[in-house]
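Below is one structure, written out as structure tokens; comments come after it.
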Amino acid sequence: PICLGYMKNTSLVMECLHRFCDGCIQKCLRLLGTKKECPSCRIHIPSRRSLRRDYEFDALLKHILGDVRVLEAEEERQAALQIKRNKVFSMTRKRGMVNQADFAKIRRSKLQPGKDANTTATSNKKFPNSFHHISMVGMKEAMESNKKDLEIEILLPPTPLMELILMKHPDEHKLCRLHKDILKLNGDAPIHVLQTYLSQKLSYDGNDIEIMIQYQGQCIPLDETVVLKDLKTDYSGTLHDKNKEEDYLYLYYRT
């Protein structure tokens, strides 16, 4: 996409079949003036009439990602929290460096001969205890700030996305394997969304793609109406390696 974000209100360029956000491609063609061309392949676009809305692609994205606006808002919230944590860490680190420099001055003043005892006592009043004490105070403040951020995250509902690995069945010879077999989809998406995705990704015109899951040594075909989030409940033990931290769901496809 031109905006480098999630595609919204997808428009298709008929000359080259590249897809863009409708608002982005409209603005791009308007700013280009007479030299209208595709931002991706630079092919000439005669006019805005060469653009067509791609409602099927919008529906596919909605099934895979859910509501794009909600997803973008969640990512912005996570980014803001990360920036806040970085600022707290930077402030704590800076405070520690300043305290270190101050205590170094105090140590040097103690080692200098003929130094007035009152000056040392005043310095000890100004900087009580030790550097470890002051750095621990700064660390405690940072931990309290991170705790508040964590409480905010717990109060928010978890994201509905789930990860799965979609692999070609060993007995399949008509379809090729996916270049990227790890997918992140909305947990409410049904199986027929995967079938549509495979048809478009593998340029397959048939409608006989079958999605299967391996359970107790057997590959069980899944109905196209089955929802993805129910698979982990109904078919436990679908992970290849129980010791892995990733909780991927393994599915197979064949014709």
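By convention in this document, the chains of the structure tokens carry letters A, B, ... by their order, each chain's residues are numbered from 1, and ligands are numbered from 1 in the order they are shown.
Assigned to strand (DSSP E) in stretch 159-209 of chain A, given DSSP computed from backbone atoms, are Leu161, Met162, Glu163, Leu164, Ile165, Leu166, Met167, Lys168, Ile182, Leu183, Lys184, Leu185 and Asn186 of chain A.
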Tell me, as a PDB file with C-alpha atoms, in the first residue's frame, which residues lie within 10 Å of A:Asp171, counting only C-alpha atoms; anything in the same chain fewer than 6 positions away does not count.
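Here's the written file result.pdb:
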```
ATOM      1  CA  TYR A 253      -4.430 -28.643   2.237  1.00  0.00           C
ATOM      2  CA  ARG A 254      -4.965 -30.852  -0.787  1.00  0.00           C
ATOM      3  CA  THR A 255      -7.354 -31.319  -3.709  1.00  0.00           C
TER       4      THR A 255
END
```
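For the atom pair formed by atom CA of A:Gln26 and atom CA of A:Phe57, the distance is 18.1 Å, given to one decimal.
Near A:Tyr252, within a cut-off of 10 Å and counting only C-alpha atoms, sit the residues Ile165, Leu166, Met167, Lys168, His169, Pro170, Glu172, Glu210, Ile211, Met212, Ile213, Gln214, Cys219, Ile220 and Pro221 of chain A, with same-chain residues fewer than 4 positions away left out.
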Write the selection just made, keeping N, CA and C atoms, as a compact mmCIF listing (two decimals), in the first residue's frame?
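Okay, selection-v8.txt is ready:
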```
# COMPACT_ATOMS: atom_id res chain seq x y z
N ILE A 165 -0.10 -22.67 10.90
CA ILE A 165 0.81 -23.07 9.82
C ILE A 165 0.01 -23.91 8.84
N LEU A 166 -0.05 -23.45 7.59
CA LEU A 166 -0.82 -24.10 6.53
C LEU A 166 0.16 -24.76 5.57
N MET A 167 0.20 -26.10 5.58
CA MET A 167 1.18 -26.84 4.79
C MET A 167 0.49 -27.71 3.74
N LYS A 168 1.24 -28.00 2.68
CA LYS A 168 0.74 -28.88 1.64
C LYS A 168 0.76 -30.32 2.14
N HIS A 169 -0.31 -31.07 1.86
CA HIS A 169 -0.39 -32.47 2.27
C HIS A 169 0.66 -33.29 1.51
N PRO A 170 1.30 -34.27 2.16
CA PRO A 170 2.33 -35.06 1.46
C PRO A 170 1.83 -35.76 0.21
N GLU A 172 -0.36 -34.52 -1.91
CA GLU A 172 -0.82 -33.54 -2.89
C GLU A 172 0.26 -33.30 -3.95
N GLU A 210 -9.32 -28.91 -0.14
CA GLU A 210 -9.78 -29.47 1.13
C GLU A 210 -8.77 -29.12 2.23
N ILE A 211 -9.26 -28.62 3.36
CA ILE A 211 -8.43 -28.30 4.51
C ILE A 211 -8.56 -29.43 5.52
N MET A 212 -7.41 -29.89 6.03
CA MET A 212 -7.41 -31.05 6.94
C MET A 212 -6.58 -30.72 8.18
N ILE A 213 -6.85 -31.48 9.24
CA ILE A 213 -6.09 -31.37 10.48
C ILE A 213 -5.67 -32.77 10.92
N GLN A 214 -4.43 -32.88 11.41
CA GLN A 214 -3.93 -34.18 11.85
C GLN A 214 -4.27 -34.38 13.32
N CYS A 219 -5.50 -37.73 9.26
CA CYS A 219 -5.85 -36.43 8.71
C CYS A 219 -7.37 -36.36 8.56
N ILE A 220 -7.99 -35.46 9.28
CA ILE A 220 -9.44 -35.34 9.30
C ILE A 220 -9.84 -34.12 8.48
N PRO A 221 -10.70 -34.31 7.44
CA PRO A 221 -11.17 -33.15 6.65
C PRO A 221 -12.06 -32.25 7.51
```
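Every residue of stretch 4-48 of chain A with a DSSP assignment of alpha helix (DSSP H), taken from the backbone, is listed as Asp22, Gly23, Cys24, Ile25, Gln26, Lys27, Cys28, Leu29, Arg30, Leu31 and Leu32 of chain A.
For the choices A:Ala104, A:Leu251, A:Leu183, A:Cys38, the atom-to-atom distance to A:Ile25 is smallest for A:Cys38 when using only C-alpha atoms.
Counting from atom CA of A:Ala189, the distance to atom CA of A:Ala59 is 11.1 Å.
Atom CA of A:His18 is positioned 14.8 Å from atom CA of A:Arg49.
Compared by their closest atoms to A:Arg48, and using only C-alpha atoms, the residues A:Lys184, A:Arg30, A:His63, A:His173 rank with A:Arg30 nearest.
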Fewer than 6 positions away in the same chain doesn't count, so skip those; otherwise give me all residues within 9 Å of A:Val68, counting only C-alpha atoms, as a ChimeraX atom specification. /A:6-8,61-62
Identify which of the residues A:Gly187, A:Cys21, A:Cys16, A:Lys229 lies closest to A:Cys3, counting only C-alpha atoms when measuring atom-to-atom distances. A:Cys21
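Within 10 Å of stretch 198-204 of chain A, once only C-alpha atoms are used and residues closer than 5 positions along the same chain are dropped, the contacting residues are Leu166, Lys174, Leu175, Cys176, Arg177, Leu178, His179, His192, Val193, Ile209 and Tyr253 of chain A.
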